[in-house]
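This is model-v6.txt. It holds compact mmCIF, C-alpha atoms and all ligand atoms.
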```txt
# COMPACT_ATOMS: atom_id res chain seq x y z
CA MET A 1 89.41 89.13 115.29
CA ALA A 2 88.38 92.57 116.52
CA ALA A 3 89.07 95.51 114.19
CA LEU A 4 88.31 97.90 117.06
CA SER A 5 87.93 97.52 120.79
CA GLY A 6 87.11 99.68 123.78
CA ILE A 7 86.07 102.67 121.70
CA ASP A 8 84.43 105.38 123.81
CA MET A 9 84.19 108.74 122.18
CA ASP A 10 82.02 111.86 122.01
CA ILE A 11 81.80 113.63 118.70
CA HIS A 12 81.16 117.33 119.10
CA ASP A 13 78.13 118.79 117.45
CA GLY A 14 79.15 121.15 114.65
CA GLY A 15 82.82 120.27 115.00
CA VAL A 16 85.25 118.69 112.55
CA THR A 17 86.71 115.60 114.15
CA ALA A 18 89.82 114.27 112.43
CA ILE A 19 90.57 110.57 112.86
CA ILE A 20 94.27 109.84 112.51
CA GLY A 21 96.43 106.77 112.95
CA PRO A 22 98.49 104.31 110.94
CA SER A 23 97.15 102.02 108.27
CA GLY A 24 94.98 99.21 109.59
CA CYS A 25 94.18 100.77 112.98
CA GLY A 26 90.45 100.79 112.24
CA LYS A 27 89.79 104.38 111.19
CA SER A 28 87.52 103.47 108.26
CA THR A 29 85.82 100.73 110.24
CA PHE A 30 85.05 103.27 112.96
CA LEU A 31 83.65 105.70 110.40
CA PHE A 32 81.47 102.99 108.83
CA CYS A 33 79.96 102.24 112.24
CA LEU A 34 78.67 105.80 112.44
CA ASN A 35 76.04 105.31 109.74
CA ARG A 36 75.94 101.52 109.82
CA LEU A 37 77.75 100.95 106.56
CA SER A 38 79.43 98.38 108.81
CA ASP A 39 76.31 96.27 108.14
CA LEU A 40 77.66 95.75 104.61
CA ILE A 41 81.00 94.27 105.76
CA PRO A 42 80.55 90.48 105.59
CA GLY A 43 80.81 88.91 109.03
CA CYS A 44 81.15 92.24 110.82
CA ARG A 45 79.59 92.35 114.31
CA VAL A 46 79.29 95.51 116.36
CA ASP A 47 78.86 95.39 120.14
CA GLY A 48 77.99 98.46 122.16
CA ARG A 49 76.11 101.57 121.19
CA VAL A 50 76.48 104.46 118.78
CA MET A 51 74.25 107.26 120.00
CA LEU A 52 72.87 109.88 117.64
CA HIS A 53 71.19 112.28 120.04
CA SER A 54 69.32 109.89 122.30
CA HIS A 55 68.91 107.09 119.76
CA ASP A 56 71.21 104.07 119.54
CA ILE A 57 71.60 103.61 115.78
CA PHE A 58 72.33 99.90 116.32
CA SER A 59 69.02 99.32 118.07
CA PRO A 60 66.55 97.08 116.23
CA GLY A 61 64.08 98.94 114.07
CA THR A 62 66.45 101.77 113.13
CA ASP A 63 65.41 103.20 109.78
CA LEU A 64 68.66 102.86 107.84
CA THR A 65 67.54 105.04 104.94
CA ALA A 66 66.67 107.86 107.33
CA LEU A 67 69.92 107.32 109.25
CA ARG A 68 72.03 107.61 106.11
CA ARG A 69 70.09 110.70 105.09
CA HIS A 70 71.02 112.30 108.41
CA VAL A 71 74.58 110.99 108.34
CA GLY A 72 76.02 111.22 104.82
CA ILE A 73 79.30 109.70 103.70
CA ILE A 74 81.98 110.75 101.21
CA PHE A 75 84.54 108.21 100.06
CA GLN A 76 88.19 108.42 99.14
CA LYS A 77 87.59 108.11 95.42
CA PRO A 78 84.91 110.43 94.02
CA ASN A 79 81.96 108.26 93.01
CA PRO A 80 79.47 110.32 91.01
CA PHE A 81 76.68 108.34 89.36
CA PRO A 82 77.45 107.80 85.65
CA THR A 83 74.85 110.30 84.56
CA THR A 84 74.52 114.07 84.30
CA ILE A 85 75.54 116.54 86.98
CA TRP A 86 71.89 117.46 87.38
CA ARG A 87 70.69 113.86 87.76
CA ASN A 88 73.34 113.18 90.40
CA LEU A 89 71.63 115.71 92.62
CA GLU A 90 68.06 115.22 91.47
CA MET A 91 68.05 111.47 92.16
CA PRO A 92 68.48 111.60 95.94
CA LEU A 93 65.96 114.42 96.18
CA LYS A 94 63.36 112.46 94.22
CA GLN A 95 64.11 109.30 96.17
CA SER A 96 63.45 111.22 99.37
CA GLY A 97 60.02 112.15 98.04
CA ILE A 98 60.60 115.68 96.74
CA ARG A 99 58.68 116.10 93.49
CA ASP A 100 58.24 119.85 93.14
CA LYS A 101 60.42 120.94 90.21
CA ALA A 102 61.05 124.44 91.55
CA GLU A 103 62.11 123.03 94.90
CA ILE A 104 64.41 120.50 93.25
CA ALA A 105 66.03 123.24 91.14
CA ALA A 106 66.46 125.49 94.19
CA ARG A 107 67.99 122.69 96.27
CA ILE A 108 70.38 121.76 93.46
CA GLU A 109 71.56 125.35 93.08
CA GLU A 110 71.86 125.70 96.87
CA CYS A 111 74.03 122.58 97.20
CA LEU A 112 76.24 123.32 94.22
CA THR A 113 76.74 126.84 95.58
CA ALA A 114 77.60 125.44 99.02
CA VAL A 115 80.48 123.44 97.53
CA GLY A 116 81.63 126.28 95.28
CA LEU A 117 80.61 124.46 92.09
CA TRP A 118 77.61 126.44 90.90
CA ASN A 119 79.54 129.00 88.87
CA GLU A 120 81.76 126.27 87.43
CA VAL A 121 78.97 123.99 86.21
CA ARG A 122 75.81 126.07 85.87
CA ASP A 123 76.15 126.03 82.06
CA ARG A 124 76.72 122.30 81.83
CA LEU A 125 74.32 120.76 84.29
CA ARG A 126 73.08 118.31 81.65
CA ARG A 127 76.57 117.07 80.83
CA PRO A 128 78.08 113.89 82.30
CA ALA A 129 79.36 114.21 85.84
CA LEU A 130 82.27 111.97 84.90
CA GLY A 131 83.50 114.76 82.59
CA LEU A 132 84.37 116.89 85.63
CA SER A 133 87.85 116.98 87.13
CA GLY A 134 88.56 114.75 90.15
CA GLY A 135 88.26 117.65 92.58
CA GLN A 136 85.01 118.81 90.99
CA GLN A 137 83.65 115.26 91.12
CA GLN A 138 84.47 115.09 94.82
CA ARG A 139 82.72 118.41 95.43
CA LEU A 140 79.75 117.10 93.44
CA CYS A 141 79.63 114.05 95.74
CA ILE A 142 79.66 116.36 98.74
CA ALA A 143 76.86 118.43 97.15
CA ARG A 144 74.93 115.18 96.59
CA ALA A 145 75.24 114.36 100.28
CA LEU A 146 74.11 117.90 101.16
CA THR A 147 70.93 117.65 99.07
CA LEU A 148 69.36 115.63 101.86
CA ARG A 149 70.27 118.26 104.46
CA PRO A 150 72.27 115.91 106.67
CA GLU A 151 73.31 116.84 110.16
CA ALA A 152 76.54 114.88 109.97
CA LEU A 153 79.03 114.14 107.21
CA LEU A 154 81.52 111.29 107.33
CA MET A 155 84.54 111.57 105.07
CA ASP A 156 86.95 108.72 104.44
CA GLU A 157 90.20 110.29 103.23
CA PRO A 158 88.28 112.64 100.94
CA CYS A 159 91.39 114.23 99.41
CA SER A 160 93.71 111.29 98.97
CA ALA A 161 92.84 110.88 95.28
CA LEU A 162 93.15 114.62 94.56
CA ASP A 163 95.94 116.98 93.53
CA PRO A 164 97.15 119.66 95.99
CA ILE A 165 94.99 122.43 94.52
CA ALA A 166 91.79 120.36 94.62
CA THR A 167 92.79 119.22 98.12
CA GLY A 168 93.08 122.85 99.24
CA VAL A 169 89.59 123.58 97.89
CA ILE A 170 88.06 120.64 99.77
CA GLU A 171 89.92 121.56 102.96
CA GLU A 172 88.54 125.10 102.74
CA LEU A 173 85.09 123.67 102.21
CA ILE A 174 85.38 121.43 105.27
CA GLY A 175 86.48 124.51 107.23
CA GLU A 176 83.22 126.18 106.18
CA PHE A 177 81.26 123.19 107.54
CA ARG A 178 82.23 124.08 111.11
CA GLY A 179 79.12 125.00 113.03
CA LYS A 180 76.86 123.78 110.19
CA TYR A 181 77.49 120.05 110.08
CA THR A 182 79.06 117.59 112.45
CA THR A 183 81.92 116.31 110.36
CA VAL A 184 84.18 113.31 110.93
CA VAL A 185 87.15 113.03 108.59
CA VAL A 186 89.56 110.11 108.36
CA THR A 187 92.91 111.36 107.14
CA HIS A 188 96.46 110.09 106.83
CA ASN A 189 97.65 113.63 106.43
CA LEU A 190 98.61 115.10 109.81
CA GLY A 191 98.92 118.60 108.35
CA GLN A 192 95.39 118.29 107.04
CA ALA A 193 94.08 117.06 110.40
CA ARG A 194 95.61 120.11 112.05
CA ARG A 195 94.30 122.52 109.40
CA ILE A 196 90.71 121.31 109.24
CA GLY A 197 90.06 119.69 112.60
CA THR A 198 88.53 121.16 115.70
CA ASP A 199 89.07 117.84 117.45
CA VAL A 200 91.28 114.89 116.75
CA ALA A 201 91.27 111.23 117.76
CA PHE A 202 94.43 109.17 117.43
CA PHE A 203 93.81 105.46 116.80
CA TRP A 204 96.41 102.73 117.16
CA ASN A 205 96.40 98.97 116.75
CA GLU A 206 98.76 96.90 118.86
CA GLY A 207 97.43 93.68 117.40
CA ARG A 208 94.37 93.30 119.63
CA GLY A 209 92.16 95.65 117.64
CA GLY A 210 92.33 99.38 117.09
CA ARG A 211 91.79 101.62 120.09
CA ILE A 212 91.86 105.31 120.80
CA ILE A 213 95.14 106.38 122.35
CA GLU A 214 94.23 110.03 122.76
CA ARG A 215 91.55 112.45 121.69
CA GLY A 216 90.74 116.07 122.31
CA PRO A 217 90.99 119.53 120.77
CA VAL A 218 93.43 119.67 117.87
CA GLU A 219 95.84 122.11 119.59
CA LYS A 220 95.98 119.90 122.67
CA VAL A 221 96.63 116.62 120.85
CA PHE A 222 99.19 118.10 118.45
CA ASP A 223 100.98 120.56 120.72
CA ALA A 224 100.64 119.09 124.19
CA PRO A 225 99.76 115.40 123.90
CA GLU A 226 99.47 113.44 127.12
CA ASP A 227 100.55 110.11 125.70
CA ASP A 228 104.10 109.40 124.49
CA LEU A 229 102.79 107.35 121.57
CA THR A 230 100.68 110.29 120.42
CA ARG A 231 103.67 112.61 120.66
CA LEU A 232 105.83 110.26 118.59
CA TYR A 233 103.08 109.88 116.01
CA VAL A 234 102.23 113.56 115.60
CA GLU A 235 105.94 114.39 115.41
CA GLY A 236 106.21 111.88 112.55
CA ARG A 237 108.68 109.72 114.48
CA ILE A 238 106.56 106.57 114.19
CA ALA A 239 104.21 105.60 111.38
N1 LIG B 301 85.89 93.91 104.84
C1 LIG B 301 86.76 93.50 105.75
N2 LIG B 301 86.83 92.21 106.11
C2 LIG B 301 87.70 91.75 107.05
N3 LIG B 301 88.56 92.56 107.70
C3 LIG B 301 88.54 93.86 107.39
C4 LIG B 301 87.65 94.42 106.42
N4 LIG B 301 87.87 95.75 106.35
C5 LIG B 301 88.86 96.01 107.23
N5 LIG B 301 89.25 94.89 107.87
C6 LIG B 301 90.30 94.78 108.88
O1 LIG B 301 89.97 95.66 109.95
C7 LIG B 301 91.14 96.31 110.41
C8 LIG B 301 90.93 97.81 110.32
O2 LIG B 301 90.84 98.18 108.96
P1 LIG B 301 90.45 99.66 108.50
O3 LIG B 301 90.35 99.66 107.02
O4 LIG B 301 89.29 100.14 109.29
O5 LIG B 301 91.76 100.47 108.96
P2 LIG B 301 92.23 101.92 108.55
O6 LIG B 301 92.88 102.51 109.74
O7 LIG B 301 91.10 102.68 107.94
O8 LIG B 301 93.33 101.59 107.44
P3 LIG B 301 93.82 102.45 106.19
O9 LIG B 301 94.37 103.72 106.76
O10 LIG B 301 94.86 101.59 105.55
O11 LIG B 301 92.63 102.67 105.30
C9 LIG B 301 92.31 95.80 109.57
O12 LIG B 301 92.93 94.78 110.30
C10 LIG B 301 91.63 95.27 108.34
O13 LIG B 301 92.38 94.22 107.79
```

Can you turn what I pasted into structure tokens?
Amino acid sequence: MAALSGIDMDIHDGGVTAIIGPSGCGKSTFLFCLNRLSDLIPGCRVDGRVMLHSHDIFSPGTDLTALRRHVGIIFQKPNPFPTTIWRNLEMPLKQSGIRDKAEIAARIEECLTAVGLWNEVRDRLRRPALGLSGGQQQRLCIARALTLRPEALLMDEPCSALDPIATGVIEELIGEFRGKYTTVVVTHNLGQARRIGTDVAFFWNEGRGGRIIERGPVEKVFDAPEDDLTRLYVEGRIA
């Protein structure tokens, strides 16, 4: 059975695209297609194309390691490696071939600063990452994705495991990504989609696979939707 069908969508460079829709409409599946994590879903077949610039990432010969370096992903539950804060960031840098110690240290400081963590952890970089709070762990995971200087970041409900304060910090951070990274965020939280998004796509599944009902600038989709289903959904009258 199709999880998604008839998907045709541009994702704006440097924008924050929020993907909204009820449970099971294919939001995560869509996200996973954008850096081919869909390859890891047993039995999953993808037809069509996903273009990153002029390259179809589903074309044979795509370098998946390079793709995932360009298009990083952050999951719902923070997933730091069970090692030190420092090693969490050093590992991807080393794996990508960076050996120079000064460069590694500079990149680590740069990424921790970018997520607002540097001042919080600079004195405990050699301590376990799992000793951080949930919100700090999530910011560490974002910093880890940033070490490889991605152009796009995919986020699958990045705040749903966090308390309201940590959620606010991550939302602010995503706001700062505008213009720097192309960000796609799956969220169940309509308020969050409105706060962080520049664009929004509303997915819906009528039983024949998820499809996009409406997409466009956040103000348009929330305040002047063209489709009745979108209006009912953004007004919270259907779930
Ligand atoms: N690994 C899998 N194997 C088989 N079917 C799957 C798998 N993952 C998802 N699906 C199916 O694909 C459809 C879309 O699921 P998906 O998780 O993408 O939806 P979603 O909108 O992200 O849902 P939620 O908001 O609950 O996370 C659902 O029908 C789901 O059952």

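Neighbouring residues of ligand LIG 301 (chain B) at a cut-off of 6 Å, counting only C-alpha atoms and all ligand atoms, are Ala3, Pro22, Ser23, Gly24, Cys25, Gly26, Lys27, Ser28, Thr29 and Ile41 of chain A.
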
Inset, instruction - Using all atoms listed in the file, find the one residue out of A:Ala201, A:Asp228, A:Gly15, A:Lys77 that sits nearest to Leu162 in chain A. - result: A:Lys77

Excluding same-chain residues fewer than 3 positions from Pro78 in chain A, what lies within 12 Å of it counting only C-alpha atoms, as a JSON list (two decimals) with C-alpha atoms, keeping the file's coordinate frame?
```json
[["chain", "number", "residue", "atom", "x", "y", "z"],
["A", 73, "ILE", "CA", 79.30, 109.70, 103.70],
["A", 74, "ILE", "CA", 81.98, 110.75, 101.21],
["A", 75, "PHE", "CA", 84.54, 108.21, 100.06],
["A", 81, "PHE", "CA", 76.68, 108.34, 89.36],
["A", 82, "PRO", "CA", 77.45, 107.80, 85.65],
["A", 129, "ALA", "CA", 79.36, 114.21, 85.84],
["A", 130, "LEU", "CA", 82.27, 111.97, 84.90],
["A", 132, "LEU", "CA", 84.37, 116.89, 85.63],
["A", 133, "SER", "CA", 87.85, 116.98, 87.13],
["A", 134, "GLY", "CA", 88.56, 114.75, 90.15],
["A", 135, "GLY", "CA", 88.26, 117.65, 92.58],
["A", 136, "GLN", "CA", 85.01, 118.81, 90.99],
["A", 137, "GLN", "CA", 83.65, 115.26, 91.12],
["A", 138, "GLN", "CA", 84.47, 115.09, 94.82],
["A", 139, "ARG", "CA", 82.72, 118.41, 95.43],
["A", 140, "LEU", "CA", 79.75, 117.10, 93.44],
["A", 141, "CYS", "CA", 79.63, 114.05, 95.74],
["A", 142, "ILE", "CA", 79.66, 116.36, 98.74],
["A", 143, "ALA", "CA", 76.86, 118.43, 97.15],
["A", 144, "ARG", "CA", 74.93, 115.18, 96.59],
["A", 155, "MET", "CA", 84.54, 111.57, 105.07],
["A", 156, "ASP", "CA", 86.95, 108.72, 104.44],
["A", 157, "GLU", "CA", 90.20, 110.29, 103.23],
["A", 158, "PRO", "CA", 88.28, 112.64, 100.94],
["A", 159, "CYS", "CA", 91.39, 114.23, 99.41],
["A", 160, "SER", "CA", 93.71, 111.29, 98.97],
["A", 161, "ALA", "CA", 92.84, 110.88, 95.28],
["A", 162, "LEU", "CA", 93.15, 114.62, 94.56]]
```

Enumerate, in order of chain and increasing residue number, the residues of range 35-122 of chain A with an atom no farther than 9 Å from range 171-182 of chain A, each with its shortest atom pair and distance in Å to one decimal, counting all atoms listed in the file, as a Markdown table.
```
| residue | atom | partner | partner_atom | distance |
| --- | --- | --- | --- | --- |
| A:Val71 | CA | A:Thr182 | CA | 9.0 |
| A:Ala114 | CA | A:Leu173 | CA | 8.3 |
| A:Val115 | CA | A:Leu173 | CA | 6.6 |
| A:Gly116 | CA | A:Leu173 | CA | 8.2 |
```

Within 7 Å of range 84-103 of chain A, which residues of range 116-159 of chain A come that close, and what is the closest atom pair and distance in Å for each? Count only C-alpha atoms and give it as CSV.
```
residue,atom,partner,partner_atom,distance
A:Leu125,CA,A:Trp86,CA,5.1
A:Arg126,CA,A:Thr84,CA,5.2
A:Arg127,CA,A:Thr84,CA,5.0
A:Pro128,CA,A:Thr84,CA,4.1
A:Ala129,CA,A:Ile85,CA,4.6
A:Arg144,CA,A:Leu89,CA,5.2
A:Thr147,CA,A:Leu93,CA,6.6
A:Leu148,CA,A:Leu93,CA,6.7
```

Legend entry - Coordinates-based distance that separates CA of Val221 in chain A from CA of Val200 in chain A (Å, one decimal):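 Straight-line distance from CA of Val200 in chain A to CA of Val221 in chain A works out to 7.0 Å.
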
Inset, instruction - Take CA of Asp63 in chain A and CA of Thr187 in chain A and report the distance between them in Å, one decimal. - result: 28.8 Å

Inset, instruction - Please measure the separation of CA of Ala2 in chain A and CA of Gly43 in chain A, giving the value in Å to one decimal. - result: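 Those two atoms sit 11.3 Å apart.
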
Legend entry - Spatial neighbours of Met9 in chain A, 10 Å, only C-alpha atoms, chain gap at least 4 places, as a ChimeraX atom specification: /A:50,201,212,215-216

Legend entry - Residue nearest Leu232 in chain A among A:Phe202, A:Ala105, A:Arg195, A:Ile57 (counting all atoms listed in the file): A:Phe202

With 5 Å added on each side, what axis-aligned box encloses every listed atom of range 128-138 of chain A? Give the centre and edge lengths in Å to one decimal, as lines of an AutoDock Vina configuration file.
```
center_x = 83.3
center_y = 115.4
center_z = 88.6
size_x = 20.5
size_y = 16.8
size_z = 22.5
```

Inset, instruction - Mind checking which residues fall within 10 Å of Ser59 in chain A, counting all atoms listed in the file, ignoring those fewer than 5 positions away in the same chain, and posting them as number ranges by chain? - result: A: 48-51

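Nearest to Asp47 in chain A of all the residues A:Pro80, A:Val234, A:Ser5, A:Arg69 is A:Ser5, counting all atoms listed in the file.
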
Legend entry - Neighbour list for Pro217 in chain A as an MDAnalysis selection string, cut-off 12 Å, all atoms listed in the file, skip fewer than 4 positions in-chain: chainID A and resid 10:12 15:19 193:194 196:202 221:225

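Proximity ranking of A:Arg36, A:Val169, A:Asp8, A:Gly131 relative to Leu117 in chain A places A:Val169 first, based on only C-alpha atoms.
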
Have range 41-71 of chain A completed to N, CA and C atoms, please, and pass it along as a PDB file, keeping the file's coordinate frame.
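To be explicit, this is the file written out as out-v1.pdb:
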```pdb
ATOM      1  N   ILE A  41      79.728  95.012 105.716  1.00  0.00           N
ATOM      2  CA  ILE A  41      81.000  94.270 105.760  1.00  0.00           C
ATOM      3  C   ILE A  41      80.668  92.833 106.172  1.00  0.00           C
ATOM      4  N   PRO A  42      80.929  91.862 105.280  1.00  0.00           N
ATOM      5  CA  PRO A  42      80.550  90.480 105.590  1.00  0.00           C
ATOM      6  C   PRO A  42      81.155  90.024 106.925  1.00  0.00           C
ATOM      7  N   GLY A  43      80.327  89.470 107.766  1.00  0.00           N
ATOM      8  CA  GLY A  43      80.810  88.910 109.030  1.00  0.00           C
ATOM      9  C   GLY A  43      81.088  89.935 110.105  1.00  0.00           C
ATOM     10  N   CYS A  44      80.814  91.198 109.831  1.00  0.00           N
ATOM     11  CA  CYS A  44      81.150  92.240 110.820  1.00  0.00           C
ATOM     12  C   CYS A  44      80.075  92.296 111.917  1.00  0.00           C
ATOM     13  N   ARG A  45      80.519  92.248 113.169  1.00  0.00           N
ATOM     14  CA  ARG A  45      79.590  92.350 114.310  1.00  0.00           C
ATOM     15  C   ARG A  45      79.992  93.554 115.146  1.00  0.00           C
ATOM     16  N   VAL A  46      79.001  94.325 115.540  1.00  0.00           N
ATOM     17  CA  VAL A  46      79.290  95.510 116.360  1.00  0.00           C
ATOM     18  C   VAL A  46      78.622  95.333 117.706  1.00  0.00           C
ATOM     19  N   ASP A  47      79.413  95.409 118.780  1.00  0.00           N
ATOM     20  CA  ASP A  47      78.860  95.390 120.140  1.00  0.00           C
ATOM     21  C   ASP A  47      78.905  96.815 120.669  1.00  0.00           C
ATOM     22  N   GLY A  48      77.985  97.122 121.567  1.00  0.00           N
ATOM     23  CA  GLY A  48      77.990  98.460 122.160  1.00  0.00           C
ATOM     24  C   GLY A  48      76.977  99.355 121.461  1.00  0.00           C
ATOM     25  N   ARG A  49      77.116 100.635 121.700  1.00  0.00           N
ATOM     26  CA  ARG A  49      76.110 101.570 121.190  1.00  0.00           C
ATOM     27  C   ARG A  49      76.784 102.716 120.439  1.00  0.00           C
ATOM     28  N   VAL A  50      76.062 103.221 119.444  1.00  0.00           N
ATOM     29  CA  VAL A  50      76.480 104.460 118.780  1.00  0.00           C
ATOM     30  C   VAL A  50      75.275 105.390 118.889  1.00  0.00           C
ATOM     31  N   MET A  51      75.398 106.406 119.710  1.00  0.00           N
ATOM     32  CA  MET A  51      74.250 107.260 120.000  1.00  0.00           C
ATOM     33  C   MET A  51      74.229 108.478 119.063  1.00  0.00           C
ATOM     34  N   LEU A  52      73.106 108.661 118.404  1.00  0.00           N
ATOM     35  CA  LEU A  52      72.870 109.880 117.640  1.00  0.00           C
ATOM     36  C   LEU A  52      71.748 110.584 118.389  1.00  0.00           C
ATOM     37  N   HIS A  53      72.090 111.673 119.055  1.00  0.00           N
ATOM     38  CA  HIS A  53      71.190 112.280 120.040  1.00  0.00           C
ATOM     39  C   HIS A  53      70.870 111.203 121.080  1.00  0.00           C
ATOM     40  N   SER A  54      69.582 110.887 121.260  1.00  0.00           N
ATOM     41  CA  SER A  54      69.320 109.890 122.300  1.00  0.00           C
ATOM     42  C   SER A  54      69.000 108.519 121.713  1.00  0.00           C
ATOM     43  N   HIS A  55      69.271 108.353 120.413  1.00  0.00           N
ATOM     44  CA  HIS A  55      68.910 107.090 119.760  1.00  0.00           C
ATOM     45  C   HIS A  55      70.158 106.255 119.461  1.00  0.00           C
ATOM     46  N   ASP A  56      70.120 104.988 119.879  1.00  0.00           N
ATOM     47  CA  ASP A  56      71.210 104.070 119.540  1.00  0.00           C
ATOM     48  C   ASP A  56      70.970 103.561 118.118  1.00  0.00           C
ATOM     49  N   ILE A  57      71.858 103.966 117.188  1.00  0.00           N
ATOM     50  CA  ILE A  57      71.600 103.610 115.780  1.00  0.00           C
ATOM     51  C   ILE A  57      71.703 102.113 115.529  1.00  0.00           C
ATOM     52  N   PHE A  58      72.260 101.362 116.478  1.00  0.00           N
ATOM     53  CA  PHE A  58      72.330  99.900 116.320  1.00  0.00           C
ATOM     54  C   PHE A  58      71.126  99.198 116.939  1.00  0.00           C
ATOM     55  N   SER A  59      70.182  99.978 117.477  1.00  0.00           N
ATOM     56  CA  SER A  59      69.020  99.320 118.070  1.00  0.00           C
ATOM     57  C   SER A  59      68.119  98.779 116.963  1.00  0.00           C
ATOM     58  N   PRO A  60      67.408  97.674 117.262  1.00  0.00           N
ATOM     59  CA  PRO A  60      66.550  97.080 116.230  1.00  0.00           C
ATOM     60  C   PRO A  60      65.492  98.102 115.800  1.00  0.00           C
ATOM     61  N   GLY A  61      65.136  98.043 114.541  1.00  0.00           N
ATOM     62  CA  GLY A  61      64.080  98.940 114.070  1.00  0.00           C
ATOM     63  C   GLY A  61      64.601 100.284 113.582  1.00  0.00           C
ATOM     64  N   THR A  62      65.917 100.505 113.665  1.00  0.00           N
ATOM     65  CA  THR A  62      66.450 101.770 113.130  1.00  0.00           C
ATOM     66  C   THR A  62      66.181 101.847 111.632  1.00  0.00           C
ATOM     67  N   ASP A  63      65.679 102.984 111.198  1.00  0.00           N
ATOM     68  CA  ASP A  63      65.410 103.200 109.780  1.00  0.00           C
ATOM     69  C   ASP A  63      66.730 103.594 109.108  1.00  0.00           C
ATOM     70  N   LEU A  64      67.319 102.633 108.397  1.00  0.00           N
ATOM     71  CA  LEU A  64      68.660 102.860 107.840  1.00  0.00           C
ATOM     72  C   LEU A  64      68.674 103.931 106.752  1.00  0.00           C
ATOM     73  N   THR A  65      67.593 104.013 105.990  1.00  0.00           N
ATOM     74  CA  THR A  65      67.540 105.040 104.940  1.00  0.00           C
ATOM     75  C   THR A  65      67.537 106.419 105.591  1.00  0.00           C
ATOM     76  N   ALA A  66      66.729 106.562 106.631  1.00  0.00           N
ATOM     77  CA  ALA A  66      66.670 107.860 107.330  1.00  0.00           C
ATOM     78  C   ALA A  66      68.012 108.154 107.992  1.00  0.00           C
ATOM     79  N   LEU A  67      68.617 107.125 108.588  1.00  0.00           N
ATOM     80  CA  LEU A  67      69.920 107.320 109.250  1.00  0.00           C
ATOM     81  C   LEU A  67      70.937 107.849 108.254  1.00  0.00           C
ATOM     82  N   ARG A  68      70.999 107.219 107.081  1.00  0.00           N
ATOM     83  CA  ARG A  68      72.030 107.610 106.110  1.00  0.00           C
ATOM     84  C   ARG A  68      71.710 108.943 105.444  1.00  0.00           C
ATOM     85  N   ARG A  69      70.452 109.364 105.544  1.00  0.00           N
ATOM     86  CA  ARG A  69      70.090 110.700 105.090  1.00  0.00           C
ATOM     87  C   ARG A  69      70.627 111.731 106.096  1.00  0.00           C
ATOM     88  N   HIS A  70      70.534 111.384 107.372  1.00  0.00           N
ATOM     89  CA  HIS A  70      71.020 112.300 108.410  1.00  0.00           C
ATOM     90  C   HIS A  70      72.541 112.297 108.495  1.00  0.00           C
ATOM     91  N   VAL A  71      73.126 111.143 108.191  1.00  0.00           N
ATOM     92  CA  VAL A  71      74.580 110.990 108.340  1.00  0.00           C
ATOM     93  C   VAL A  71      75.134 110.548 106.988  1.00  0.00           C
TER      94      VAL A  71
END
```
